[in-house]
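*Asks:* My structure is stored as structure.pdb, with PDB, C-alpha atoms, pLDDT in the B column.
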```pdb
ATOM      1  CA  MET A   1       2.769   0.613  -9.191  1.00 89.00           C
ATOM      2  CA  SER A   2       1.637  -2.989  -9.046  1.00 93.00           C
ATOM      3  CA  ILE A   3      -1.745  -4.024  -7.659  1.00 95.00           C
ATOM      4  CA  GLU A   4       0.077  -6.014  -4.978  1.00 96.00           C
ATOM      5  CA  ALA A   5       2.087  -2.945  -3.927  1.00 97.00           C
ATOM      6  CA  VAL A   6      -1.088  -0.860  -3.682  1.00 96.00           C
ATOM      7  CA  ALA A   7      -2.822  -3.552  -1.623  1.00 97.00           C
ATOM      8  CA  LEU A   8       0.098  -3.833   0.787  1.00 97.00           C
ATOM      9  CA  SER A   9       0.464  -0.052   1.120  1.00 97.00           C
ATOM     10  CA  LEU A  10      -3.212   0.152   2.095  1.00 97.00           C
ATOM     11  CA  GLY A  11      -2.789  -2.510   4.765  1.00 98.00           C
ATOM     12  CA  TYR A  12      -4.287  -5.518   2.979  1.00 97.00           C
ATOM     13  CA  ALA A  13      -2.580  -8.785   3.856  1.00 94.00           C
ATOM     14  CA  ASP A  14      -3.304 -10.291   0.445  1.00 94.00           C
ATOM     15  CA  THR A  15      -4.061  -9.072  -3.058  1.00 97.00           C
ATOM     16  CA  PRO A  16      -7.264 -11.106  -3.637  1.00 98.00           C
ATOM     17  CA  HIS A  17      -8.938  -9.485  -0.617  1.00 97.00           C
ATOM     18  CA  PHE A  18      -8.002  -6.027  -1.904  1.00 98.00           C
ATOM     19  CA  THR A  19      -9.232  -6.936  -5.407  1.00 98.00           C
ATOM     20  CA  ARG A  20     -12.643  -8.004  -4.077  1.00 98.00           C
ATOM     21  CA  ALA A  21     -12.985  -4.846  -1.985  1.00 98.00           C
ATOM     22  CA  PHE A  22     -11.883  -2.617  -4.865  1.00 98.00           C
ATOM     23  CA  LYS A  23     -14.410  -4.247  -7.208  1.00 98.00           C
ATOM     24  CA  ARG A  24     -17.211  -3.677  -4.659  1.00 98.00           C
ATOM     25  CA  TRP A  25     -16.290   0.023  -4.392  1.00 97.00           C
ATOM     26  CA  MET A  26     -15.444   0.805  -8.007  1.00 97.00           C
ATOM     27  CA  GLY A  27     -17.444  -1.765  -9.968  1.00 98.00           C
ATOM     28  CA  VAL A  28     -14.353  -3.005 -11.847  1.00 98.00           C
ATOM     29  CA  THR A  29     -11.192  -4.883 -10.932  1.00 98.00           C
ATOM     30  CA  PRO A  30      -8.052  -2.925 -10.064  1.00 98.00           C
ATOM     31  CA  LYS A  31      -6.304  -4.287 -13.173  1.00 96.00           C
ATOM     32  CA  TYR A  32      -9.127  -3.136 -15.450  1.00 98.00           C
ATOM     33  CA  TYR A  33      -9.167   0.285 -13.767  1.00 97.00           C
ATOM     34  CA  GLN A  34      -5.388   0.573 -14.134  1.00 95.00           C
ATOM     35  CA  THR A  35      -5.544  -0.382 -17.825  1.00 95.00           C
ATOM     36  CA  GLN A  36      -8.297   2.145 -18.555  1.00 95.00           C
ATOM     37  CA  LEU A  37      -6.351   4.874 -16.754  1.00 93.00           C
ATOM     38  CA  LYS A  38      -3.247   4.130 -18.844  1.00 90.00           C
ATOM     39  CA  LEU A  39      -5.290   4.236 -22.058  1.00 91.00           C
ATOM     40  CA  LYS A  40      -6.842   7.548 -21.059  1.00 86.00           C
ATOM     41  CA  ASN A  41      -3.384   8.993 -20.350  1.00 83.00           C
ATOM     42  CA  LEU A  42      -2.173   7.867 -23.782  1.00 77.00           C
ATOM     43  CA  GLU A  43      -5.150   9.551 -25.462  1.00 72.00           C
ATOM     44  CA  ILE A  44      -4.432  12.810 -23.653  1.00 73.00           C
ATOM     45  CA  ARG A  45      -0.821  12.807 -24.875  1.00 67.00           C
ATOM     46  CA  GLU A  46      -1.817  12.421 -28.529  1.00 63.00           C
TER      47      GLU A  46
END
```
What would you get if you wrote out this structure as structure tokens?
*Replies:*
Amino acid sequence: MSIEAVALSLGYADTPHFTRAFKRWMGVTPKYYQTQLKLKNLEIRE
């Protein structure tokens, strides 16, 4: 799911606002979080 789709599904009118809020909560950008999650899933499969 794209970052934009997540932002819209959570009620954010624009992606940059969601990105700023996500970074405040999680300490990383949504894209970085998504990339790390994908890498972790690949490691588990190996």
*Asks:* Up to 9 Å from (-1.4, 2.9, -11.3) in the file's coordinates: name the residues, counting only C-alpha atoms, as a list in words.
*Replies:*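 Those residues lying close to the given coordinates are Met1, Ser2, Ile3, Val6, Pro30, Lys31, Tyr33, Gln34, Thr35, Leu37 and Lys38 of chain A.
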*Asks:* Do you have the atom CA of Leu39 of chain A-atom CA of Leu8 of chain A distance handy?
*Replies:*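 So the two atoms, atom CA of Leu39 of chain A and atom CA of Leu8 of chain A, lie 24.8 Å apart.
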*Asks:* Leaving out Thr29 of chain A and any residue of its chain fewer than 6 positions from it, which residues lie within 9 Å of it when counting all atoms listed in the file, given as a PyMOL selection string?
*Replies:* chain A and resi 19-20+22-23
*Asks:* Env of Ala7 of chain A: 6 Å cut, atoms = all atoms listed in the file, seq-sep filter 4 positions within chain, self excluded. Answer as a ChimeraX atom specification.
*Replies:* /A:12,15,18
*Asks:* Go ahead and save the residues from that selection, with C-alpha atoms, as a short mmCIF file (atom, residue, chain, number, x, y, z; two decimals), in the frame of the given file.
*Replies:*
```cif
data_model
loop_
_atom_site.label_atom_id
_atom_site.label_comp_id
_atom_site.auth_asym_id
_atom_site.auth_seq_id
_atom_site.Cartn_x
_atom_site.Cartn_y
_atom_site.Cartn_z
CA TYR A 12 -4.29 -5.52 2.98
CA THR A 15 -4.06 -9.07 -3.06
CA PHE A 18 -8.00 -6.03 -1.90
#
```
*Asks:* Can you work out the spacing between atom CA of Ala5 of chain A and atom CA of Asn41 of chain A in Å, to one decimal?
*Replies:*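 About the pair atom CA of Ala5 of chain A and atom CA of Asn41 of chain A: they are 21.0 Å apart.
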